[in-house]
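Listing of work.tsv; format and content: TSV, N, CA and C atoms.
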```tsv
chain	number	residue	atom	x	y	z
U	15	MET	N	0.84	-1.18	0.00
U	15	MET	CA	0.00	0.00	0.00
U	15	MET	C	0.89	1.24	0.00
U	16	GLU	N	0.53	2.21	-0.80
U	16	GLU	CA	1.28	3.46	-0.85
U	16	GLU	C	1.08	4.25	0.45
U	17	SER	N	2.09	5.01	0.81
U	17	SER	CA	2.04	5.77	2.06
U	17	SER	C	0.91	6.81	2.03
U	18	LYS	N	0.62	7.36	0.88
U	18	LYS	CA	-0.45	8.35	0.76
U	18	LYS	C	-1.81	7.73	1.11
U	19	GLU	N	-2.02	6.52	0.62
U	19	GLU	CA	-3.27	5.83	0.91
U	19	GLU	C	-3.37	5.46	2.39
U	20	LEU	N	-2.26	5.02	2.97
U	20	LEU	CA	-2.22	4.70	4.39
U	20	LEU	C	-2.47	5.95	5.23
U	21	MET	N	-1.93	7.08	4.80
U	21	MET	CA	-2.17	8.34	5.51
U	21	MET	C	-3.66	8.67	5.52
U	22	LYS	N	-4.33	8.48	4.40
U	22	LYS	CA	-5.76	8.76	4.32
U	22	LYS	C	-6.56	7.83	5.22
U	23	ILE	N	-6.16	6.56	5.28
U	23	ILE	CA	-6.85	5.59	6.14
U	23	ILE	C	-6.67	5.98	7.61
U	24	ALA	N	-5.45	6.34	7.99
U	24	ALA	CA	-5.19	6.75	9.37
U	24	ALA	C	-5.95	8.03	9.72
U	25	ALA	N	-5.97	8.98	8.82
U	25	ALA	CA	-6.69	10.24	9.06
U	25	ALA	C	-8.19	9.98	9.22
U	26	GLN	N	-8.73	9.09	8.40
U	26	GLN	CA	-10.15	8.75	8.51
U	26	GLN	C	-10.45	8.05	9.83
U	27	ALA	N	-9.52	7.20	10.29
U	27	ALA	CA	-9.69	6.53	11.58
U	27	ALA	C	-9.73	7.56	12.70
U	28	CYS	N	-8.90	8.60	12.61
U	28	CYS	CA	-8.94	9.68	13.60
U	28	CYS	C	-10.28	10.39	13.57
U	29	GLU	N	-10.73	10.69	12.38
U	29	GLU	CA	-12.03	11.36	12.20
U	29	GLU	C	-13.16	10.50	12.78
U	30	ASP	N	-13.11	9.20	12.54
U	30	ASP	CA	-14.15	8.28	13.03
U	30	ASP	C	-14.23	8.26	14.55
U	31	LYS	N	-13.11	8.54	15.22
U	31	LYS	CA	-13.08	8.57	16.70
U	31	LYS	C	-13.19	9.99	17.23
U	32	ARG	N	-13.61	10.91	16.36
U	32	ARG	CA	-13.87	12.31	16.71
U	32	ARG	C	-12.63	13.05	17.23
U	33	ALA	N	-11.49	12.73	16.65
U	33	ALA	CA	-10.28	13.49	16.97
U	33	ALA	C	-10.48	14.93	16.51
U	34	GLU	N	-9.81	15.82	17.17
U	34	GLU	CA	-9.94	17.24	16.83
U	34	GLU	C	-8.72	17.74	16.09
U	35	ASP	N	-8.95	18.70	15.21
U	35	ASP	CA	-7.90	19.40	14.48
U	35	ASP	C	-6.90	18.43	13.84
U	36	ILE	N	-7.41	17.56	12.98
U	36	ILE	CA	-6.58	16.56	12.30
U	36	ILE	C	-5.79	17.23	11.19
U	37	VAL	N	-4.47	17.01	11.22
U	37	VAL	CA	-3.58	17.59	10.21
U	37	VAL	C	-2.68	16.48	9.69
U	38	ALA	N	-2.52	16.43	8.38
U	38	ALA	CA	-1.55	15.52	7.76
U	38	ALA	C	-0.42	16.38	7.24
U	39	MET	N	0.80	15.97	7.56
U	39	MET	CA	1.98	16.71	7.10
U	39	MET	C	2.78	15.82	6.16
U	40	ASP	N	3.08	16.35	4.98
U	40	ASP	CA	3.86	15.63	3.99
U	40	ASP	C	5.34	15.81	4.32
U	41	MET	N	5.95	14.77	4.85
U	41	MET	CA	7.33	14.84	5.35
U	41	MET	C	8.35	14.35	4.33
U	42	GLN	N	7.93	13.99	3.14
U	42	GLN	CA	8.80	13.34	2.17
U	42	GLN	C	10.04	14.16	1.80
U	43	ASN	N	9.92	15.46	1.72
U	43	ASN	CA	11.05	16.31	1.37
U	43	ASN	C	11.65	17.04	2.57
U	44	VAL	N	11.19	16.66	3.76
U	44	VAL	CA	11.61	17.36	4.96
U	44	VAL	C	12.38	16.46	5.93
U	45	SER	N	12.00	15.18	5.99
U	45	SER	CA	12.57	14.28	6.99
U	45	SER	C	12.65	12.86	6.46
U	46	LEU	N	13.56	12.11	7.00
U	46	LEU	CA	13.67	10.69	6.65
U	46	LEU	C	12.86	9.81	7.59
U	47	ILE	N	12.25	10.39	8.59
U	47	ILE	CA	11.50	9.64	9.60
U	47	ILE	C	10.31	8.91	8.99
U	48	ALA	N	9.53	9.60	8.17
U	48	ALA	CA	8.31	9.04	7.60
U	48	ALA	C	7.90	9.87	6.39
U	49	ASP	N	7.02	9.31	5.58
U	49	ASP	CA	6.47	10.07	4.45
U	49	ASP	C	5.42	11.07	4.91
U	50	TYR	N	4.63	10.67	5.92
U	50	TYR	CA	3.57	11.53	6.44
U	50	TYR	C	3.51	11.45	7.96
U	51	PHE	N	3.17	12.58	8.57
U	51	PHE	CA	2.77	12.64	9.97
U	51	PHE	C	1.28	12.94	9.98
U	52	ILE	N	0.58	12.28	10.86
U	52	ILE	CA	-0.80	12.67	11.18
U	52	ILE	C	-0.72	13.23	12.60
U	53	ILE	N	-1.27	14.41	12.80
U	53	ILE	CA	-1.29	15.03	14.12
U	53	ILE	C	-2.73	15.37	14.45
U	54	CYS	N	-3.17	14.98	15.64
U	54	CYS	CA	-4.52	15.30	16.08
U	54	CYS	C	-4.53	15.29	17.61
U	55	HIS	N	-5.67	15.61	18.19
U	55	HIS	CA	-5.76	15.54	19.65
U	55	HIS	C	-7.16	15.12	20.09
U	56	GLY	N	-7.18	14.62	21.31
U	56	GLY	CA	-8.43	14.30	21.99
U	56	GLY	C	-8.55	15.18	23.22
U	57	THR	N	-9.73	15.21	23.79
U	57	THR	CA	-9.96	16.10	24.93
U	57	THR	C	-9.73	15.43	26.27
U	58	ASN	N	-9.60	14.09	26.28
U	58	ASN	CA	-9.30	13.38	27.52
U	58	ASN	C	-8.54	12.10	27.20
U	59	GLU	N	-8.02	11.47	28.23
U	59	GLU	CA	-7.18	10.28	28.05
U	59	GLU	C	-7.92	9.15	27.36
U	60	ARG	N	-9.17	8.95	27.73
U	60	ARG	CA	-9.96	7.87	27.13
U	60	ARG	C	-10.13	8.07	25.63
U	61	GLN	N	-10.38	9.29	25.21
U	61	GLN	CA	-10.53	9.56	23.78
U	61	GLN	C	-9.19	9.39	23.05
U	62	VAL	N	-8.09	9.81	23.65
U	62	VAL	CA	-6.77	9.64	23.04
U	62	VAL	C	-6.52	8.15	22.80
U	63	GLN	N	-6.84	7.31	23.78
U	63	GLN	CA	-6.67	5.86	23.62
U	63	GLN	C	-7.58	5.31	22.53
U	64	ALA	N	-8.81	5.79	22.48
U	64	ALA	CA	-9.75	5.32	21.45
U	64	ALA	C	-9.25	5.68	20.04
U	65	ILE	N	-8.70	6.85	19.89
U	65	ILE	CA	-8.16	7.27	18.59
U	65	ILE	C	-7.00	6.36	18.19
U	66	ALA	N	-6.09	6.12	19.13
U	66	ALA	CA	-4.93	5.24	18.86
U	66	ALA	C	-5.38	3.84	18.49
U	67	ARG	N	-6.35	3.30	19.24
U	67	ARG	CA	-6.88	1.97	18.91
U	67	ARG	C	-7.55	1.96	17.55
U	68	GLY	N	-8.27	3.03	17.22
U	68	GLY	CA	-8.94	3.14	15.93
U	68	GLY	C	-7.95	3.12	14.77
U	69	ILE	N	-6.84	3.81	14.92
U	69	ILE	CA	-5.80	3.80	13.89
U	69	ILE	C	-5.23	2.39	13.74
U	70	LYS	N	-4.93	1.77	14.86
U	70	LYS	CA	-4.36	0.41	14.84
U	70	LYS	C	-5.32	-0.56	14.14
U	71	GLU	N	-6.58	-0.51	14.50
U	71	GLU	CA	-7.58	-1.41	13.91
U	71	GLU	C	-7.74	-1.15	12.41
U	72	ALA	N	-7.79	0.12	12.02
U	72	ALA	CA	-7.95	0.45	10.59
U	72	ALA	C	-6.75	-0.05	9.79
U	73	ALA	N	-5.55	0.10	10.33
U	73	ALA	CA	-4.35	-0.37	9.65
U	73	ALA	C	-4.37	-1.89	9.52
U	74	GLU	N	-4.74	-2.57	10.59
U	74	GLU	CA	-4.77	-4.03	10.56
U	74	GLU	C	-5.82	-4.56	9.60
U	75	GLU	N	-6.94	-3.85	9.48
U	75	GLU	CA	-7.97	-4.24	8.51
U	75	GLU	C	-7.45	-4.19	7.09
U	76	GLN	N	-6.47	-3.34	6.84
U	76	GLN	CA	-5.86	-3.21	5.51
U	76	GLN	C	-4.63	-4.11	5.36
U	77	GLY	N	-4.39	-4.97	6.36
U	77	GLY	CA	-3.26	-5.89	6.29
U	77	GLY	C	-1.94	-5.28	6.71
U	78	MET	N	-1.97	-4.10	7.28
U	78	MET	CA	-0.75	-3.43	7.75
U	78	MET	C	-0.52	-3.77	9.22
U	79	THR	N	0.72	-3.69	9.63
U	79	THR	CA	1.04	-3.92	11.03
U	79	THR	C	1.56	-2.63	11.65
U	80	VAL	N	1.21	-2.43	12.89
U	80	VAL	CA	1.73	-1.30	13.64
U	80	VAL	C	3.12	-1.69	14.12
U	81	LYS	N	4.12	-0.92	13.72
U	81	LYS	CA	5.50	-1.22	14.12
U	81	LYS	C	5.67	-1.04	15.62
U	82	ARG	N	5.10	0.03	16.15
U	82	ARG	CA	5.12	0.24	17.60
U	82	ARG	C	4.11	1.30	17.97
U	83	MET	N	3.72	1.25	19.24
U	83	MET	CA	2.82	2.25	19.80
U	83	MET	C	3.42	2.65	21.15
U	84	GLU	N	3.62	3.93	21.33
U	84	GLU	CA	4.23	4.43	22.55
U	84	GLU	C	3.32	5.44	23.22
U	85	GLY	N	3.33	5.45	24.56
U	85	GLY	CA	2.58	6.44	25.32
U	85	GLY	C	1.13	6.10	25.56
U	86	PHE	N	0.71	4.88	25.20
U	86	PHE	CA	-0.71	4.53	25.28
U	86	PHE	C	-1.23	4.57	26.71
U	87	GLU	N	-0.47	4.06	27.66
U	87	GLU	CA	-0.94	4.00	29.05
U	87	GLU	C	-1.16	5.39	29.64
U	88	GLU	N	-0.22	6.30	29.40
U	88	GLU	CA	-0.34	7.66	29.94
U	88	GLU	C	-1.37	8.47	29.16
U	89	SER	N	-1.43	8.22	27.86
U	89	SER	CA	-2.40	8.86	26.96
U	89	SER	C	-2.33	10.38	26.95
U	90	ARG	N	-1.11	10.89	27.03
U	90	ARG	CA	-0.91	12.33	26.90
U	90	ARG	C	-0.35	12.64	25.50
U	91	TRP	N	0.47	11.73	24.97
U	91	TRP	CA	1.00	11.81	23.61
U	91	TRP	C	1.24	10.38	23.17
U	92	VAL	N	0.38	9.87	22.33
U	92	VAL	CA	0.52	8.51	21.82
U	92	VAL	C	1.08	8.58	20.41
U	93	LEU	N	2.12	7.80	20.18
U	93	LEU	CA	2.73	7.72	18.86
U	93	LEU	C	2.40	6.35	18.29
U	94	VAL	N	1.80	6.33	17.11
U	94	VAL	CA	1.49	5.09	16.41
U	94	VAL	C	2.34	5.07	15.15
U	95	ASP	N	3.28	4.13	15.09
U	95	ASP	CA	4.23	4.04	13.98
U	95	ASP	C	3.73	3.00	12.98
U	96	LEU	N	3.33	3.47	11.82
U	96	LEU	CA	2.88	2.60	10.73
U	96	LEU	C	3.94	2.51	9.64
U	97	ASP	N	5.17	2.79	9.98
U	97	ASP	CA	6.33	2.77	9.10
U	97	ASP	C	6.40	4.06	8.28
U	98	ASP	N	5.70	4.15	7.16
U	98	ASP	CA	5.76	5.35	6.33
U	98	ASP	C	4.86	6.47	6.84
U	99	VAL	N	3.98	6.14	7.76
U	99	VAL	CA	3.07	7.12	8.36
U	99	VAL	C	3.21	7.02	9.87
U	100	VAL	N	3.46	8.15	10.50
U	100	VAL	CA	3.57	8.20	11.96
U	100	VAL	C	2.44	9.10	12.47
U	101	CYS	N	1.64	8.54	13.36
U	101	CYS	CA	0.50	9.27	13.91
U	101	CYS	C	0.82	9.75	15.31
U	102	HIS	N	0.60	11.04	15.55
U	102	HIS	CA	0.81	11.65	16.85
U	102	HIS	C	-0.56	12.04	17.39
U	103	ILE	N	-1.00	11.34	18.44
U	103	ILE	CA	-2.29	11.64	19.05
U	103	ILE	C	-2.01	12.26	20.40
U	104	PHE	N	-2.36	13.50	20.53
U	104	PHE	CA	-2.07	14.26	21.74
U	104	PHE	C	-3.31	14.43	22.61
U	105	HIS	N	-3.08	14.64	23.89
U	105	HIS	CA	-4.07	15.27	24.75
U	105	HIS	C	-3.97	16.75	24.38
U	106	LYS	N	-5.05	17.46	24.40
U	106	LYS	CA	-5.08	18.84	23.91
U	106	LYS	C	-3.98	19.71	24.52
U	107	ASP	N	-3.75	19.61	25.82
U	107	ASP	CA	-2.74	20.45	26.48
U	107	ASP	C	-1.34	20.17	25.95
U	108	GLU	N	-1.03	18.90	25.74
U	108	GLU	CA	0.29	18.54	25.23
U	108	GLU	C	0.48	18.99	23.79
U	109	ARG	N	-0.56	18.93	23.01
U	109	ARG	CA	-0.44	19.37	21.62
U	109	ARG	C	-0.06	20.84	21.55
U	110	ASN	N	-0.70	21.64	22.36
U	110	ASN	CA	-0.36	23.06	22.39
U	110	ASN	C	1.06	23.29	22.86
U	111	TYR	N	1.53	22.49	23.81
U	111	TYR	CA	2.87	22.65	24.35
U	111	TYR	C	3.94	22.25	23.33
U	112	TYR	N	3.81	21.07	22.72
U	112	TYR	CA	4.84	20.57	21.81
U	112	TYR	C	4.77	21.18	20.42
U	113	ASN	N	3.59	21.53	19.97
U	113	ASN	CA	3.37	22.26	18.71
U	113	ASN	C	4.22	21.72	17.56
U	114	LEU	N	4.02	20.45	17.22
U	114	LEU	CA	4.78	19.81	16.14
U	114	LEU	C	4.58	20.50	14.79
U	115	GLU	N	3.42	21.09	14.59
U	115	GLU	CA	3.17	21.78	13.33
U	115	GLU	C	4.17	22.92	13.13
U	116	ARG	N	4.51	23.61	14.21
U	116	ARG	CA	5.50	24.68	14.12
U	116	ARG	C	6.91	24.10	13.97
U	117	LEU	N	7.19	23.06	14.73
U	117	LEU	CA	8.51	22.42	14.69
U	117	LEU	C	8.84	21.92	13.28
U	118	TRP	N	7.86	21.33	12.61
U	118	TRP	CA	8.04	20.81	11.24
U	118	TRP	C	7.36	21.74	10.24
U	119	GLY	N	7.43	23.03	10.48
U	119	GLY	CA	6.73	24.02	9.67
U	119	GLY	C	7.09	24.05	8.19
U	120	ASP	N	8.23	23.46	7.82
U	120	ASP	CA	8.61	23.44	6.40
U	120	ASP	C	7.82	22.41	5.59
U	121	ALA	N	7.15	21.51	6.28
U	121	ALA	CA	6.40	20.45	5.59
U	121	ALA	C	5.03	20.97	5.16
U	122	PRO	N	4.61	20.66	3.94
U	122	PRO	CA	3.24	20.99	3.53
U	122	PRO	C	2.25	20.26	4.43
U	123	SER	N	1.19	20.93	4.81
U	123	SER	CA	0.19	20.29	5.67
U	123	SER	C	-1.20	20.39	5.06
U	124	TYR	N	-2.03	19.44	5.42
U	124	TYR	CA	-3.38	19.32	4.87
U	124	TYR	C	-4.36	19.11	6.01
U	125	SER	N	-5.47	19.82	5.97
U	125	SER	CA	-6.53	19.62	6.95
U	125	SER	C	-7.38	18.42	6.52
U	126	MET	N	-8.22	17.97	7.41
U	126	MET	CA	-9.09	16.82	7.11
U	126	MET	C	-9.97	17.11	5.90
U	127	GLN	N	-10.42	18.34	5.75
U	127	GLN	CA	-11.27	18.69	4.61
U	127	GLN	C	-10.50	18.55	3.30
U	128	GLU	N	-9.20	18.78	3.33
U	128	GLU	CA	-8.40	18.62	2.12
U	128	GLU	C	-8.04	17.16	1.84
U	129	ILE	N	-8.07	16.33	2.87
U	129	ILE	CA	-7.69	14.92	2.72
U	129	ILE	C	-8.82	14.08	2.17
U	130	THR	N	-10.04	14.28	2.66
U	130	THR	CA	-11.11	13.33	2.37
U	130	THR	C	-12.14	13.67	1.30
U	131	PRO	N	-12.45	14.91	0.96
U	131	PRO	CA	-13.56	15.09	0.03
U	131	PRO	C	-13.31	14.47	-1.34
U	132	ASN	N	-12.11	14.62	-1.83
U	132	ASN	CA	-11.76	14.06	-3.14
U	132	ASN	C	-10.47	13.28	-2.95
U	133	GLN	N	-10.50	11.98	-3.14
U	133	GLN	CA	-9.36	11.12	-2.86
U	133	GLN	C	-8.11	11.49	-3.64
U	134	ASP	N	-8.23	12.20	-4.76
U	134	ASP	CA	-7.06	12.55	-5.56
U	134	ASP	C	-6.50	13.93	-5.23
U	135	GLN	N	-7.08	14.60	-4.25
U	135	GLN	CA	-6.72	15.98	-3.97
U	135	GLN	C	-5.37	16.12	-3.30
U	136	VAL	N	-5.00	15.25	-2.38
U	136	VAL	CA	-3.74	15.41	-1.64
U	136	VAL	C	-2.59	14.87	-2.45
```

Rewritten as structure tokens:
Amino acid sequence: MESKELMKIAAQACEDKRAEDIVAMDMQNVSLIADYFIICHGTNERQVQAIARGIKEAAEEQGMTVKRMEGFEESRWVLVDLDDVVCHIFHKDERNYYNLERLWGDAPSYSMQEITPNQDQV
């Protein structure tokens, strides 16, 4: 599966669990870490865990494996590593503090509205 398609699946999984302010960042020309970052947040620990589980389940339904998941127990910043796509699920307070969008500001970013209405848009 192409990383772009996996990014869309992960972003949709976030949306399905009512994640807030979902952003996809195209990291291909900025970093060797991953092709895409998905960044979103939940309003409480339970929602952060639900979003992380939703991403994991959506990836597994597509035959993908989660390389690792970190921070799930604390649920303040959960990282879900899908190899070419890395998902950062924050608790709202931590997202504002770490501000990854600013840190990786050179990367093109896309809102959920830009990711899903037309599959060929991103």

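Distances from U:Leu20, U:Cys101, U:Val94, U:Ala33 to Gln61 of chain U were compared using only N, CA and C atoms, and the smallest one belongs to U:Ala33.
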
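If you look at atom CA of Ala25 of chain U and atom N of Leu117 of chain U, they are 19.7 Å away from each other.
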
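The space between atom C of Gly119 of chain U and atom N of Asp49 of chain U spans 15.0 Å.
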
Gap from atom N of Asn113 of chain U to atom CA of Glu71 of chain U - Å, one decimal:
26.2 Å

Could you please write out, as a ChimeraX atom specification, every residue of chain U that DSSP assigns to strand (DSSP E or B)?
/U:34-40,50-56,82-84,91-95,99-105,123-125

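Take the candidates U:Asp120, U:Glu19, U:Glu115, U:Glu88 and check each one against Val62 of chain U using only C-alpha atoms; the shortest distance goes to U:Glu88.
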
Just add N, CA, C and O atoms to segment 44-68 of chain U and send it as a short mmCIF file (atom, residue, chain, number, x, y, z; two decimals), keeping the file's coordinate frame.
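Final file, out29.cif:
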```cif
data_model
loop_
_atom_site.label_atom_id
_atom_site.label_comp_id
_atom_site.auth_asym_id
_atom_site.auth_seq_id
_atom_site.Cartn_x
_atom_site.Cartn_y
_atom_site.Cartn_z
N VAL U 44 11.19 16.66 3.76
CA VAL U 44 11.61 17.36 4.96
C VAL U 44 12.38 16.46 5.93
O VAL U 44 13.30 16.90 6.61
N SER U 45 12.00 15.18 5.99
CA SER U 45 12.57 14.28 6.99
C SER U 45 12.65 12.86 6.46
O SER U 45 11.86 12.47 5.60
N LEU U 46 13.56 12.11 7.00
CA LEU U 46 13.67 10.69 6.65
C LEU U 46 12.86 9.81 7.59
O LEU U 46 12.79 8.60 7.39
N ILE U 47 12.25 10.39 8.59
CA ILE U 47 11.50 9.64 9.60
C ILE U 47 10.31 8.91 8.99
O ILE U 47 10.09 7.74 9.26
N ALA U 48 9.53 9.60 8.17
CA ALA U 48 8.31 9.04 7.60
C ALA U 48 7.90 9.87 6.39
O ALA U 48 8.37 11.00 6.22
N ASP U 49 7.02 9.31 5.58
CA ASP U 49 6.47 10.07 4.45
C ASP U 49 5.42 11.07 4.91
O ASP U 49 5.30 12.16 4.36
N TYR U 50 4.63 10.67 5.92
CA TYR U 50 3.57 11.53 6.44
C TYR U 50 3.51 11.45 7.96
O TYR U 50 3.75 10.39 8.54
N PHE U 51 3.17 12.58 8.57
CA PHE U 51 2.77 12.64 9.97
C PHE U 51 1.28 12.94 9.98
O PHE U 51 0.81 13.76 9.19
N ILE U 52 0.58 12.28 10.86
CA ILE U 52 -0.80 12.67 11.18
C ILE U 52 -0.72 13.23 12.60
O ILE U 52 -0.17 12.59 13.49
N ILE U 53 -1.27 14.41 12.80
CA ILE U 53 -1.29 15.03 14.12
C ILE U 53 -2.73 15.37 14.45
O ILE U 53 -3.45 15.95 13.62
N CYS U 54 -3.17 14.98 15.64
CA CYS U 54 -4.52 15.30 16.08
C CYS U 54 -4.53 15.29 17.61
O CYS U 54 -3.52 14.99 18.24
N HIS U 55 -5.67 15.61 18.19
CA HIS U 55 -5.76 15.54 19.65
C HIS U 55 -7.16 15.12 20.09
O HIS U 55 -8.13 15.24 19.33
N GLY U 56 -7.18 14.62 21.31
CA GLY U 56 -8.43 14.30 21.99
C GLY U 56 -8.55 15.18 23.22
O GLY U 56 -7.56 15.78 23.66
N THR U 57 -9.73 15.21 23.79
CA THR U 57 -9.96 16.10 24.93
C THR U 57 -9.73 15.43 26.27
O THR U 57 -9.68 16.10 27.29
N ASN U 58 -9.60 14.09 26.28
CA ASN U 58 -9.30 13.38 27.52
C ASN U 58 -8.54 12.10 27.20
O ASN U 58 -8.42 11.72 26.03
N GLU U 59 -8.02 11.47 28.23
CA GLU U 59 -7.18 10.28 28.05
C GLU U 59 -7.92 9.15 27.36
O GLU U 59 -7.37 8.45 26.51
N ARG U 60 -9.17 8.95 27.73
CA ARG U 60 -9.96 7.87 27.13
C ARG U 60 -10.13 8.07 25.63
O ARG U 60 -10.00 7.13 24.84
N GLN U 61 -10.38 9.29 25.21
CA GLN U 61 -10.53 9.56 23.78
C GLN U 61 -9.19 9.39 23.05
O GLN U 61 -9.16 8.86 21.94
N VAL U 62 -8.09 9.81 23.65
CA VAL U 62 -6.77 9.64 23.04
C VAL U 62 -6.52 8.15 22.80
O VAL U 62 -6.06 7.75 21.72
N GLN U 63 -6.84 7.31 23.78
CA GLN U 63 -6.67 5.86 23.62
C GLN U 63 -7.58 5.31 22.53
O GLN U 63 -7.16 4.47 21.73
N ALA U 64 -8.81 5.79 22.48
CA ALA U 64 -9.75 5.32 21.45
C ALA U 64 -9.25 5.68 20.04
O ALA U 64 -9.36 4.86 19.12
N ILE U 65 -8.70 6.85 19.89
CA ILE U 65 -8.16 7.27 18.59
C ILE U 65 -7.00 6.36 18.19
O ILE U 65 -6.93 5.86 17.06
N ALA U 66 -6.09 6.12 19.13
CA ALA U 66 -4.93 5.24 18.86
C ALA U 66 -5.38 3.84 18.49
O ALA U 66 -4.89 3.24 17.52
N ARG U 67 -6.35 3.30 19.24
CA ARG U 67 -6.88 1.97 18.91
C ARG U 67 -7.55 1.96 17.55
O ARG U 67 -7.42 1.01 16.78
N GLY U 68 -8.27 3.03 17.22
CA GLY U 68 -8.94 3.14 15.93
C GLY U 68 -7.95 3.12 14.77
O GLY U 68 -8.19 2.46 13.75
#
```
